[in-house]
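See below for model_24.txt, which holds compact mmCIF, C-alpha atoms.
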```
# COMPACT_ATOMS: atom_id res chain seq x y z
CA MET A 1230 -46.02 77.58 -67.14
CA THR A 1231 -44.08 79.69 -69.60
CA THR A 1232 -42.04 82.43 -68.01
CA THR A 1233 -43.22 85.85 -69.00
CA THR A 1234 -41.26 89.05 -68.97
CA PRO A 1235 -43.22 92.09 -67.84
CA THR A 1236 -43.16 95.33 -69.66
CA THR A 1237 -42.12 98.47 -67.85
CA ALA A 1238 -45.55 100.03 -68.09
CA ALA A 1239 -46.80 101.01 -64.69
CA VAL A 1240 -49.66 99.14 -63.12
CA SER A 1241 -50.88 102.33 -61.56
CA THR A 1242 -49.53 105.41 -59.96
CA PRO A 1243 -47.96 104.03 -56.80
CA GLY A 1244 -48.83 105.59 -53.52
CA ALA A 1245 -51.35 105.62 -50.77
CA THR A 1246 -54.73 105.98 -52.48
CA GLY A 1247 -56.71 105.34 -49.30
CA GLU A 1248 -58.99 102.77 -50.96
CA LEU A 1249 -58.06 100.05 -48.48
CA TRP A 1250 -59.45 102.04 -45.55
CA ARG A 1251 -62.85 100.88 -46.86
CA ASN A 1252 -61.78 97.24 -47.16
CA ARG A 1253 -63.00 95.71 -43.87
CA GLU A 1254 -61.44 92.31 -44.49
CA PHE A 1255 -57.99 93.77 -45.16
CA LEU A 1256 -58.27 96.02 -42.09
CA THR A 1257 -59.18 93.01 -39.93
CA PHE A 1258 -56.17 91.10 -41.21
CA TRP A 1259 -53.95 94.17 -40.77
CA PHE A 1260 -55.04 94.63 -37.13
CA GLY A 1261 -54.31 91.01 -36.24
CA GLU A 1262 -50.91 91.13 -37.89
CA THR A 1263 -50.02 94.34 -36.06
CA LEU A 1264 -50.52 92.75 -32.65
CA SER A 1265 -48.83 89.53 -33.74
CA LEU A 1266 -45.77 91.40 -35.01
CA LEU A 1267 -45.56 93.36 -31.77
CA GLY A 1268 -45.50 90.12 -29.80
CA THR A 1269 -42.92 88.67 -32.17
CA GLN A 1270 -40.58 91.53 -31.30
CA VAL A 1271 -40.61 90.28 -27.71
CA THR A 1272 -39.62 86.79 -28.87
CA THR A 1273 -36.90 88.11 -31.21
CA LEU A 1274 -35.12 89.74 -28.28
CA ALA A 1275 -36.18 87.35 -25.50
CA LEU A 1276 -34.96 84.08 -27.06
CA PRO A 1277 -31.29 85.07 -27.49
CA LEU A 1278 -31.28 86.99 -24.19
CA THR A 1279 -32.63 83.87 -22.46
CA ALA A 1280 -29.69 81.97 -23.92
CA VAL A 1281 -27.14 84.66 -23.04
CA ILE A 1282 -28.35 85.62 -19.55
CA ALA A 1283 -30.04 82.47 -18.21
CA PHE A 1284 -27.73 79.85 -19.74
CA HIS A 1285 -24.53 81.89 -20.31
CA ALA A 1286 -24.54 80.73 -23.93
CA SER A 1287 -21.36 81.04 -25.97
CA PRO A 1288 -21.26 83.12 -29.18
CA ALA A 1289 -21.48 79.88 -31.17
CA GLN A 1290 -24.61 78.83 -29.26
CA VAL A 1291 -26.27 82.21 -29.81
CA GLY A 1292 -25.45 81.94 -33.51
CA LEU A 1293 -26.83 78.39 -33.53
CA LEU A 1294 -30.06 79.64 -31.95
CA ARG A 1295 -30.55 82.19 -34.73
CA PHE A 1296 -29.64 79.53 -37.31
CA LEU A 1297 -32.24 77.10 -35.96
CA GLN A 1298 -34.93 79.79 -36.01
CA LEU A 1299 -34.33 80.47 -39.69
CA VAL A 1300 -32.95 77.26 -41.20
CA PRO A 1301 -36.45 75.74 -41.72
CA TYR A 1302 -36.83 78.24 -44.55
CA LEU A 1303 -34.00 76.47 -46.37
CA GLY A 1304 -35.48 73.00 -46.13
CA LEU A 1305 -39.22 73.60 -46.07
CA ALA A 1306 -40.23 76.86 -47.75
CA LEU A 1307 -40.30 75.42 -51.28
CA VAL A 1308 -42.34 72.40 -50.20
CA PHE A 1309 -44.73 74.51 -48.13
CA GLY A 1310 -45.09 77.02 -50.96
CA ALA A 1311 -46.18 74.31 -53.40
CA LEU A 1312 -48.57 72.84 -50.84
CA VAL A 1313 -50.04 76.25 -50.02
CA ASP A 1314 -50.89 76.76 -53.70
CA ARG A 1315 -53.09 73.65 -53.33
CA MET A 1316 -54.93 74.87 -50.24
CA ARG A 1317 -57.08 77.66 -48.90
CA ARG A 1318 -54.47 79.89 -47.34
CA ARG A 1319 -56.50 81.27 -44.45
CA ARG A 1320 -56.89 77.79 -42.96
CA VAL A 1321 -53.14 77.19 -43.20
CA MET A 1322 -52.43 80.52 -41.48
CA ILE A 1323 -54.83 79.66 -38.64
CA ALA A 1324 -53.12 76.30 -38.07
CA ALA A 1325 -49.63 77.85 -38.18
CA ASN A 1326 -50.44 80.59 -35.69
CA ALA A 1327 -52.13 78.13 -33.33
CA ALA A 1328 -48.98 76.02 -33.32
CA ARG A 1329 -46.74 79.05 -32.70
CA MET A 1330 -48.98 80.18 -29.84
CA VAL A 1331 -48.59 76.81 -28.10
CA LEU A 1332 -44.85 76.43 -28.73
CA ILE A 1333 -43.97 79.91 -27.52
CA GLY A 1334 -46.25 79.46 -24.51
CA LEU A 1335 -44.28 76.35 -23.55
CA ILE A 1336 -41.10 78.35 -22.91
CA PRO A 1337 -42.37 80.39 -19.91
CA LEU A 1338 -44.18 77.28 -18.61
CA LEU A 1339 -40.97 75.22 -18.71
CA ALA A 1340 -39.00 78.09 -17.19
CA ALA A 1341 -41.47 78.49 -14.33
CA THR A 1342 -41.23 74.78 -13.54
CA HIS A 1343 -37.38 74.82 -13.85
CA LEU A 1344 -37.48 72.36 -16.75
CA LEU A 1345 -36.14 74.67 -19.45
CA THR A 1346 -32.67 73.79 -20.74
CA ILE A 1347 -30.54 75.26 -23.51
CA GLY A 1348 -31.23 72.13 -25.58
CA LEU A 1349 -34.99 72.51 -25.20
CA LEU A 1350 -34.73 76.21 -26.03
CA LEU A 1351 -32.87 75.41 -29.26
CA GLY A 1352 -35.41 72.74 -30.18
CA LEU A 1353 -38.39 75.01 -29.54
CA ALA A 1354 -36.75 77.80 -31.55
CA CYS A 1355 -36.47 75.45 -34.53
CA ALA A 1356 -40.07 74.25 -34.17
CA ILE A 1357 -41.32 77.85 -34.01
CA GLY A 1358 -39.30 78.53 -37.15
CA ILE A 1359 -41.01 75.68 -39.01
CA PHE A 1360 -44.48 77.11 -38.42
CA SER A 1361 -43.19 80.60 -39.19
CA VAL A 1362 -42.23 79.30 -42.65
CA LEU A 1363 -45.73 77.93 -43.15
CA PHE A 1364 -47.36 81.19 -42.12
CA ASP A 1365 -45.01 83.42 -44.12
CA VAL A 1366 -45.51 81.66 -47.45
CA SER A 1367 -49.27 81.79 -46.82
CA TRP A 1368 -49.90 85.38 -45.76
CA MET A 1369 -47.97 86.96 -48.62
CA SER A 1370 -50.05 84.88 -51.02
CA PHE A 1371 -53.26 85.67 -49.11
CA VAL A 1372 -53.01 89.48 -49.32
CA PRO A 1373 -53.90 89.54 -53.06
CA THR A 1374 -57.07 87.63 -52.13
CA LEU A 1375 -58.11 90.49 -49.83
CA VAL A 1376 -56.86 93.21 -52.21
CA LYS A 1377 -58.58 92.33 -55.48
CA ASP A 1378 -57.35 95.32 -57.46
CA LYS A 1379 -53.67 94.98 -58.34
CA ALA A 1380 -53.47 98.77 -58.46
CA HIS A 1381 -53.67 98.74 -54.65
CA TYR A 1382 -50.76 96.36 -54.03
CA VAL A 1383 -48.36 99.20 -53.24
CA GLU A 1384 -50.87 100.73 -50.82
CA ALA A 1385 -51.39 97.36 -49.09
CA ASN A 1386 -47.68 96.66 -48.82
CA GLN A 1387 -47.02 100.21 -47.61
CA LYS A 1388 -49.60 99.79 -44.83
CA LEU A 1389 -48.15 96.42 -43.82
CA GLY A 1390 -44.66 97.90 -44.04
CA VAL A 1391 -45.60 100.80 -41.77
CA THR A 1392 -47.07 98.30 -39.31
CA SER A 1393 -43.94 96.18 -39.36
CA SER A 1394 -41.73 99.22 -38.86
CA THR A 1395 -43.96 100.61 -36.10
CA THR A 1396 -43.69 97.35 -34.18
CA ASP A 1397 -39.93 97.44 -34.81
CA VAL A 1398 -39.90 100.83 -33.11
CA ALA A 1399 -42.12 99.99 -30.14
CA GLY A 1400 -41.33 96.29 -29.84
CA PRO A 1401 -37.70 96.24 -28.67
CA GLY A 1402 -38.35 98.90 -26.04
CA ILE A 1403 -41.39 97.02 -24.74
CA ALA A 1404 -39.43 93.76 -24.93
CA GLY A 1405 -36.52 95.24 -22.99
CA ALA A 1406 -38.86 96.54 -20.27
CA LEU A 1407 -40.72 93.22 -20.05
CA ILE A 1408 -37.51 91.22 -19.92
CA GLY A 1409 -36.15 93.49 -17.19
CA ALA A 1410 -39.34 93.15 -15.15
CA LEU A 1411 -40.32 89.52 -15.82
CA THR A 1412 -37.10 87.83 -17.05
CA ALA A 1413 -36.60 86.84 -20.68
CA PRO A 1414 -38.49 83.51 -20.75
CA ILE A 1415 -41.54 84.72 -18.80
CA SER A 1416 -41.94 87.75 -21.11
CA LEU A 1417 -42.76 85.35 -23.96
CA VAL A 1418 -46.29 85.06 -22.56
CA VAL A 1419 -46.98 88.35 -24.37
CA ASP A 1420 -46.07 86.87 -27.76
CA SER A 1421 -48.13 83.76 -27.14
CA ALA A 1422 -51.16 85.95 -26.36
CA SER A 1423 -50.60 88.02 -29.53
CA TYR A 1424 -50.96 84.88 -31.66
CA LEU A 1425 -54.30 84.21 -29.97
CA VAL A 1426 -55.52 87.64 -31.12
CA SER A 1427 -54.24 86.94 -34.63
CA LEU A 1428 -56.18 83.66 -34.66
CA VAL A 1429 -59.41 85.46 -33.78
CA THR A 1430 -58.96 88.05 -36.54
CA LEU A 1431 -58.27 85.35 -39.13
CA LEU A 1432 -61.44 83.54 -38.06
CA LEU A 1433 -63.41 86.76 -38.63
CA ILE A 1434 -62.31 87.07 -42.28
CA ARG A 1435 -64.93 85.85 -44.73
CA THR A 1436 -63.51 86.78 -48.14
CA PRO A 1437 -63.80 83.64 -50.33
CA GLU A 1438 -60.57 82.30 -51.78
CA THR A 1439 -60.30 81.02 -55.33
CA PRO A 1440 -60.56 77.23 -55.11
CA PRO A 1441 -57.17 75.61 -55.78
CA PRO A 1442 -56.82 73.21 -58.73
CA ALA A 1443 -57.68 69.59 -58.04
CA ALA A 1444 -54.82 67.93 -56.16
CA GLU A 1445 -54.91 64.75 -58.23
CA LYS A 1446 -53.85 66.70 -61.30
CA ARG A 1447 -50.72 68.05 -59.64
CA HIS A 1448 -47.24 66.76 -58.85
CA LEU A 1449 -45.29 68.29 -55.94
CA GLY A 1450 -41.84 67.97 -57.46
CA ARG A 1451 -42.91 69.49 -60.77
CA GLU A 1452 -44.69 72.33 -58.99
CA ILE A 1453 -41.59 73.21 -56.93
CA ALA A 1454 -39.45 73.13 -60.07
CA GLU A 1455 -42.00 75.26 -61.92
CA GLY A 1456 -41.89 77.92 -59.18
CA LEU A 1457 -38.09 78.00 -59.18
CA ARG A 1458 -37.94 78.22 -62.98
CA PHE A 1459 -40.39 81.08 -62.93
CA VAL A 1460 -38.40 83.10 -60.37
CA LEU A 1461 -34.94 82.37 -61.78
CA GLY A 1462 -36.07 82.89 -65.36
CA HIS A 1463 -37.76 86.23 -64.76
CA ARG A 1464 -35.79 89.37 -65.57
CA VAL A 1465 -37.10 91.27 -62.52
CA LEU A 1466 -37.50 88.46 -59.98
CA ARG A 1467 -34.13 86.81 -60.66
CA PRO A 1468 -31.92 89.78 -59.62
CA LEU A 1469 -34.13 90.38 -56.57
CA ALA A 1470 -33.72 86.73 -55.61
CA LEU A 1471 -29.93 86.82 -56.02
CA VAL A 1472 -29.32 89.96 -53.93
CA GLY A 1473 -31.89 89.14 -51.24
CA PRO A 1474 -29.90 86.43 -49.38
CA PHE A 1475 -26.94 88.77 -48.94
CA CYS A 1476 -29.25 91.42 -47.51
CA ASN A 1477 -30.58 89.04 -44.87
CA PHE A 1478 -27.11 87.61 -44.20
CA SER A 1479 -25.88 91.12 -43.46
CA MET A 1480 -28.84 92.12 -41.28
CA ILE A 1481 -28.96 88.91 -39.19
CA SER A 1482 -25.20 88.54 -38.74
CA VAL A 1483 -24.83 92.18 -37.70
CA TRP A 1484 -27.86 91.90 -35.37
CA THR A 1485 -26.46 88.72 -33.74
CA LEU A 1486 -22.95 90.10 -33.35
CA PHE A 1487 -24.21 93.42 -32.04
CA LEU A 1488 -26.27 91.69 -29.36
CA LEU A 1489 -23.16 89.87 -28.13
CA TYR A 1490 -20.98 92.97 -28.45
CA ALA A 1491 -23.44 95.24 -26.64
CA VAL A 1492 -24.14 92.87 -23.73
CA ARG A 1493 -20.69 91.37 -23.18
CA ASP A 1494 -18.13 93.85 -24.52
CA GLU A 1495 -19.92 97.11 -23.73
CA GLY A 1496 -21.95 95.88 -20.75
CA LEU A 1497 -25.27 97.32 -21.92
CA PRO A 1498 -28.32 96.10 -19.95
CA ALA A 1499 -31.35 94.61 -21.73
CA GLY A 1500 -33.25 97.90 -21.42
CA LEU A 1501 -30.57 99.87 -23.28
CA VAL A 1502 -30.22 97.20 -25.97
CA GLY A 1503 -33.97 97.41 -26.50
CA LEU A 1504 -33.74 101.21 -26.59
CA VAL A 1505 -31.09 101.08 -29.34
CA PHE A 1506 -33.30 98.86 -31.50
CA SER A 1507 -36.43 100.92 -30.79
CA ALA A 1508 -34.80 104.27 -31.57
CA SER A 1509 -33.09 103.02 -34.72
CA SER A 1510 -36.24 101.27 -35.95
CA ILE A 1511 -37.84 104.68 -36.42
CA GLY A 1512 -35.86 104.62 -39.66
CA GLY A 1513 -37.90 101.66 -40.88
CA LEU A 1514 -41.13 103.42 -39.99
CA VAL A 1515 -40.07 106.56 -41.87
CA GLY A 1516 -38.95 104.50 -44.86
CA ALA A 1517 -42.19 102.52 -45.10
CA ALA A 1518 -44.29 105.67 -44.67
CA LEU A 1519 -42.40 107.51 -47.43
CA SER A 1520 -42.17 104.59 -49.87
CA GLY A 1521 -45.39 105.37 -51.74
CA ALA A 1522 -44.48 109.04 -52.22
CA LEU A 1523 -40.95 108.12 -53.33
CA LEU A 1524 -42.30 105.68 -55.92
CA LYS A 1525 -44.61 108.36 -57.27
CA ARG A 1526 -41.83 110.93 -57.61
CA PHE A 1527 -38.78 108.90 -58.62
CA ARG A 1528 -37.96 105.95 -60.87
CA THR A 1529 -38.70 102.58 -59.27
CA GLY A 1530 -35.14 101.42 -59.95
CA ALA A 1531 -33.61 104.52 -58.36
CA VAL A 1532 -35.71 104.08 -55.21
CA TYR A 1533 -34.63 100.44 -55.01
CA ALA A 1534 -30.93 101.23 -55.55
CA VAL A 1535 -30.71 104.02 -52.95
CA SER A 1536 -32.69 102.11 -50.32
CA MET A 1537 -30.60 98.95 -50.71
CA THR A 1538 -27.41 101.01 -50.52
CA LEU A 1539 -28.49 102.24 -47.09
CA VAL A 1540 -29.23 98.68 -45.99
CA PHE A 1541 -25.78 97.41 -46.95
CA ALA A 1542 -23.70 100.46 -45.94
CA GLY A 1543 -25.33 101.30 -42.59
CA PRO A 1544 -23.53 98.61 -40.50
CA LEU A 1545 -20.14 100.24 -41.18
CA LEU A 1546 -20.82 102.71 -38.36
CA ILE A 1547 -20.96 100.03 -35.64
CA PRO A 1548 -17.39 98.62 -35.50
CA PHE A 1549 -15.81 102.04 -36.01
CA ALA A 1550 -17.72 103.70 -33.16
CA ALA A 1551 -15.57 104.98 -30.29
CA GLY A 1552 -15.93 107.27 -27.30
CA SER A 1553 -18.12 107.55 -24.23
CA ARG A 1554 -21.26 105.48 -23.78
CA PRO A 1555 -23.60 108.22 -25.14
CA VAL A 1556 -21.40 108.56 -28.25
CA LEU A 1557 -21.36 104.80 -28.77
CA LEU A 1558 -25.12 104.62 -28.40
CA ALA A 1559 -25.50 107.42 -30.96
CA PHE A 1560 -23.34 105.51 -33.46
CA PHE A 1561 -25.24 102.27 -32.83
CA VAL A 1562 -28.59 103.96 -33.33
CA ALA A 1563 -27.39 105.75 -36.48
CA ALA A 1564 -26.08 102.52 -38.02
CA PHE A 1565 -29.32 100.62 -37.52
CA PHE A 1566 -31.42 103.70 -38.35
CA LEU A 1567 -29.86 103.96 -41.83
CA SER A 1568 -30.22 100.23 -42.48
CA TYR A 1569 -33.83 100.16 -41.30
CA LEU A 1570 -34.65 103.31 -43.26
CA GLY A 1571 -33.44 101.63 -46.44
CA LEU A 1572 -35.15 98.36 -45.56
CA GLY A 1573 -38.47 100.11 -44.90
CA VAL A 1574 -38.49 101.49 -48.45
CA ALA A 1575 -36.92 98.45 -50.11
CA ASN A 1576 -39.41 95.98 -48.64
CA VAL A 1577 -42.39 97.85 -50.11
CA VAL A 1578 -40.66 98.11 -53.49
CA MET A 1579 -39.57 94.47 -53.62
CA VAL A 1580 -42.82 92.89 -52.43
CA SER A 1581 -44.84 95.05 -54.83
CA LEU A 1582 -42.54 94.09 -57.71
CA ARG A 1583 -42.90 90.42 -56.82
CA GLN A 1584 -46.70 90.54 -56.59
CA ALA A 1585 -47.10 92.53 -59.81
CA SER A 1586 -44.78 90.15 -61.69
CA THR A 1587 -46.41 86.89 -60.58
CA PRO A 1588 -49.68 85.20 -61.62
CA GLN A 1589 -51.94 84.23 -58.69
CA ALA A 1590 -51.49 80.51 -59.42
CA LEU A 1591 -47.75 80.83 -58.78
CA MET A 1592 -47.90 83.27 -55.88
CA GLY A 1593 -47.27 80.72 -53.12
CA ARG A 1594 -44.32 79.12 -54.90
CA MET A 1595 -42.83 82.48 -55.82
CA ASN A 1596 -43.02 83.63 -52.19
CA ALA A 1597 -41.62 80.28 -51.04
CA ALA A 1598 -38.63 80.60 -53.38
CA PHE A 1599 -37.90 84.05 -52.02
CA ARG A 1600 -38.36 83.00 -48.39
CA THR A 1601 -35.98 80.10 -48.97
CA LEU A 1602 -33.30 82.38 -50.35
CA LEU A 1603 -33.87 85.30 -47.98
CA PHE A 1604 -34.02 83.32 -44.77
CA GLY A 1605 -31.41 80.88 -45.95
CA GLY A 1606 -29.07 83.84 -46.10
CA GLY A 1607 -30.32 85.02 -42.72
CA SER A 1608 -29.83 81.63 -41.05
CA LEU A 1609 -26.26 81.43 -42.32
CA GLY A 1610 -25.70 85.00 -41.12
CA GLY A 1611 -26.61 84.06 -37.55
CA LEU A 1612 -24.56 80.84 -37.61
CA ILE A 1613 -21.45 82.26 -39.29
CA GLY A 1614 -21.61 85.46 -37.23
CA GLY A 1615 -21.66 83.45 -34.00
CA TYR A 1616 -18.71 81.27 -35.04
CA LEU A 1617 -16.70 84.26 -36.29
CA ALA A 1618 -17.24 86.00 -32.94
CA GLY A 1619 -16.06 82.89 -31.10
CA GLY A 1620 -12.93 82.56 -33.24
CA LEU A 1621 -11.93 86.16 -33.97
CA GLY A 1622 -13.61 88.18 -31.26
CA THR A 1623 -16.87 90.06 -31.58
CA HIS A 1624 -15.39 93.40 -32.68
CA THR A 1625 -13.18 91.87 -35.39
CA ALA A 1626 -16.07 89.77 -36.67
CA LEU A 1627 -18.34 92.85 -36.77
CA THR A 1628 -15.74 94.77 -38.75
CA GLY A 1629 -15.34 92.04 -41.35
CA ILE A 1630 -19.09 91.53 -41.79
CA ALA A 1631 -19.71 95.30 -42.09
CA ILE A 1632 -17.04 95.74 -44.79
CA GLY A 1633 -18.33 92.74 -46.73
CA SER A 1634 -21.85 94.11 -46.49
CA ALA A 1635 -20.81 97.48 -47.88
CA LEU A 1636 -19.23 95.80 -50.92
CA MET A 1637 -22.70 94.53 -51.92
CA VAL A 1638 -23.51 98.09 -53.02
CA LEU A 1639 -21.63 97.24 -56.23
CA ALA A 1640 -24.01 94.35 -56.95
CA VAL A 1641 -27.02 96.59 -56.34
CA ALA A 1642 -25.67 99.19 -58.78
CA ALA A 1643 -25.24 96.49 -61.46
CA SER A 1644 -28.71 94.99 -60.96
CA PRO A 1645 -31.26 95.44 -63.80
CA VAL A 1646 -33.84 96.24 -61.10
CA SER A 1647 -31.94 99.48 -60.44
CA ARG A 1648 -32.70 100.51 -64.03
CA LEU A 1649 -36.49 100.01 -63.91
CA LYS A 1650 -38.47 103.11 -64.77
CA ALA A 1651 -41.75 101.99 -63.18
CA MET A 1652 -43.58 99.08 -61.64
CA PRO A 1653 -44.00 96.25 -64.19
CA ALA A 1654 -47.42 95.54 -65.64
CA ALA A 1655 -49.38 93.14 -63.46
CA GLN A 1656 -49.55 89.52 -64.63
```
Can you dump the structure from the file as structure tokens?
Amino acid sequence: MTTTTPTTAAVSTPGATGELWRNREFLTFWFGETLSLLGTQVTTLALPLTAVIAFHASPAQVGLLRFLQLVPYLGLALVFGALVDRMRRRRVMIAANAARMVLIGLIPLLAATHLLTIGLLLGLACAIGIFSVLFDVSWMSFVPTLVKDKAHYVEANQKLGVTSSTTDVAGPGIAGALIGALTAPISLVVDSASYLVSLVTLLLIRTPETPPPAAEKRHLGREIAEGLRFVLGHRVLRPLALVGPFCNFSMISVWTLFLLYAVRDEGLPAGLVGLVFSASSIGGLVGAALSGALLKRFRTGAVYAVSMTLVFAGPLLIPFAAGSRPVLLAFFVAAFFLSYLGLGVANVVMVSLRQASTPQALMGRMNAAFRTLLFGGGSLGGLIGGYLAGGLGTHTALTGIAIGSALMVLAVAASPVSRLKAMPAAQ
């Protein structure tokens, strides 16, 4: 397919129009995803805390755990994206969530029977990551099926962004309380149950999907290459794709190092670690809630540039924090609050730009290319962060990562996306 360059004419006036409150199918999907994301927050905190507390994992092992959760995006996202463009996406999502429900449910079962080992935990984390890839490249391509009018993409992504940020706020606190009461592995029962609810909501959706082209007329390798050429040849998608991996590298490496630093260097219990993430995640909720209004009032490029600056500069506050425990906690919350505030806005902007710039036939492969790059950066962030902490010490590693992250502000300022006046015309 020939790469097209969108004009800078707006698709519509961005913002919450309220139309999707009358879209029952989207609301059903949204409800299921809300509960699933809330459960995922438990897993996000419980898996590394299981490694740290139950198995006394080293910094390198904690980094390896994060790497194994995310590395499937590097090897499989492009293949899955091409395959998803051949299939009905709802069926793929149902299969992926069923697999995640079973795999996550195995962890508390193995723990209760004293069969869980650090090796099994690492293997299960990787397997969960594989099915997370499959689900992620499917749901982002499925939303345009539920939201027929491209003018409502910003509204849909804002609603999903608010949900994600809300679970970021509530999730770590709930996770910390559950882990404190039940232990880290047993608390994963909650996440397993959340995938069951998501399965039911997906089964209730009846919106027909556009039949994919006949498989015999398609070639997997050519389709993958076509998706990559489209993304890397597009004047809006290419700069988003190049900056994205560094964003995830920064966020995951800082998150991994902070977990080690907070538990081992500062002696914070699981409840307080969860409280830090919950309080700071309010920034993501605020950012997602304001994104529509900001896009209506300011240039799209300016909103992108400022929000990404907050993402990259926020971590600087963590390694330079000093003082009593309340002061340290205030600095930790402020650092993550600023990053999550920027990410809450940036996610809505970037996903809307991607959807508006991509034809439906390429949606799965476009999302797969981005997931490969984004989570590839994230997987390396967890791995490299863990090894840096083991070799240099957690505080020194945090300082280096935070300074390197802040330097990415220069790349954001130079990006052509920062000069966009409005959302591009939908393809």
Using all atoms listed in the file, collect all residues at a distance of at most 9 Å from (-44.4, 82.5, -51.4) as written in the file, then present them as a CSV table (one decimal) with C-alpha atoms, keeping the file's coordinate frame.
```csv
chain,number,residue,atom,x,y,z
A,1306,ALA,CA,-40.2,76.9,-47.8
A,1307,LEU,CA,-40.3,75.4,-51.3
A,1309,PHE,CA,-44.7,74.5,-48.1
A,1310,GLY,CA,-45.1,77.0,-51.0
A,1311,ALA,CA,-46.2,74.3,-53.4
A,1313,VAL,CA,-50.0,76.2,-50.0
A,1314,ASP,CA,-50.9,76.8,-53.7
A,1365,ASP,CA,-45.0,83.4,-44.1
A,1366,VAL,CA,-45.5,81.7,-47.4
A,1367,SER,CA,-49.3,81.8,-46.8
A,1368,TRP,CA,-49.9,85.4,-45.8
A,1369,MET,CA,-48.0,87.0,-48.6
A,1370,SER,CA,-50.0,84.9,-51.0
A,1591,LEU,CA,-47.8,80.8,-58.8
A,1592,MET,CA,-47.9,83.3,-55.9
A,1593,GLY,CA,-47.3,80.7,-53.1
A,1594,ARG,CA,-44.3,79.1,-54.9
A,1595,MET,CA,-42.8,82.5,-55.8
A,1596,ASN,CA,-43.0,83.6,-52.2
A,1597,ALA,CA,-41.6,80.3,-51.0
A,1598,ALA,CA,-38.6,80.6,-53.4
A,1599,PHE,CA,-37.9,84.0,-52.0
A,1600,ARG,CA,-38.4,83.0,-48.4
```
Check your understanding: Pick from A:Pro1588, A:Ile1282, A:Thr1396, A:Ile1630: nearest to Phe1459 of chain A, with all atoms listed in the file counted?
Key ->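 Counting all atoms listed in the file, the residue closest to Phe1459 of chain A is A:Pro1588.
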Point to revise | Distance of atom CA of Gly1611 of chain A from atom CA of Phe1296 of chain A, expressed in Å to one decimal place | key: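 Taking atom CA of Phe1296 of chain A as the start and atom CA of Gly1611 of chain A as the end point, the length is 5.5 Å.
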Exercise for review: Within 12 Å of (-56.7, 91.3, -38.0) (coordinates as in the file), grab all the protein and nucleic acid residues, counting all atoms listed in the file, and write them out as a PyMOL selection string.
Suggested key: chain A and resi 1253-1266+1319+1323+1368+1375+1389+1392+1423-1435
Exercise for review: Mind checking which residues fall within 12 Å of Leu1339 of chain A, counting all atoms listed in the file, ignoring those fewer than 2 positions away in the same chain, and posting them as a ChimeraX atom specification?
Suggested key: /A:1332-1337,1341-1347,1349-1350,1353,1414-1415,1417-1418
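Atom CA of Ala1289 of chain A lies 8.5 Å from atom CA of Ile1613 of chain A.
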Could you give me, as CSV, every segment 1239-1345 of chain A residue with an atom at most 12 Å from segment 1622-1625 of chain A, plus its closest atom pair and distance in Å to one decimal, counting only C-alpha atoms, rows ordered by chain then number?
```
residue,atom,partner,partner_atom,distance
A:Ser1287,CA,A:Thr1623,CA,11.5
A:Pro1288,CA,A:Thr1623,CA,8.6
A:Ala1289,CA,A:Thr1623,CA,11.2
A:Gly1292,CA,A:Thr1623,CA,12.0
```
Could you take the residues named above and write them with C-alpha atoms, as a CSV table (one decimal), keeping the file's coordinate frame?
```csv
chain,number,residue,atom,x,y,z
A,1287,SER,CA,-21.4,81.0,-26.0
A,1288,PRO,CA,-21.3,83.1,-29.2
A,1289,ALA,CA,-21.5,79.9,-31.2
A,1292,GLY,CA,-25.4,81.9,-33.5
```
Check your understanding: Which residues come within 12 Å of Thr1538 of chain A, counting only C-alpha atoms, excluding same-chain residues fewer than 3 positions away, as JSON, numbers by chain?
Key -> {"A": [1472, 1476, 1531, 1532, 1533, 1534, 1535, 1541, 1542, 1543, 1544, 1545, 1567, 1568, 1569, 1570, 1571, 1572, 1574, 1575, 1634, 1635, 1636, 1637, 1638, 1639, 1640, 1641, 1642, 1647]}
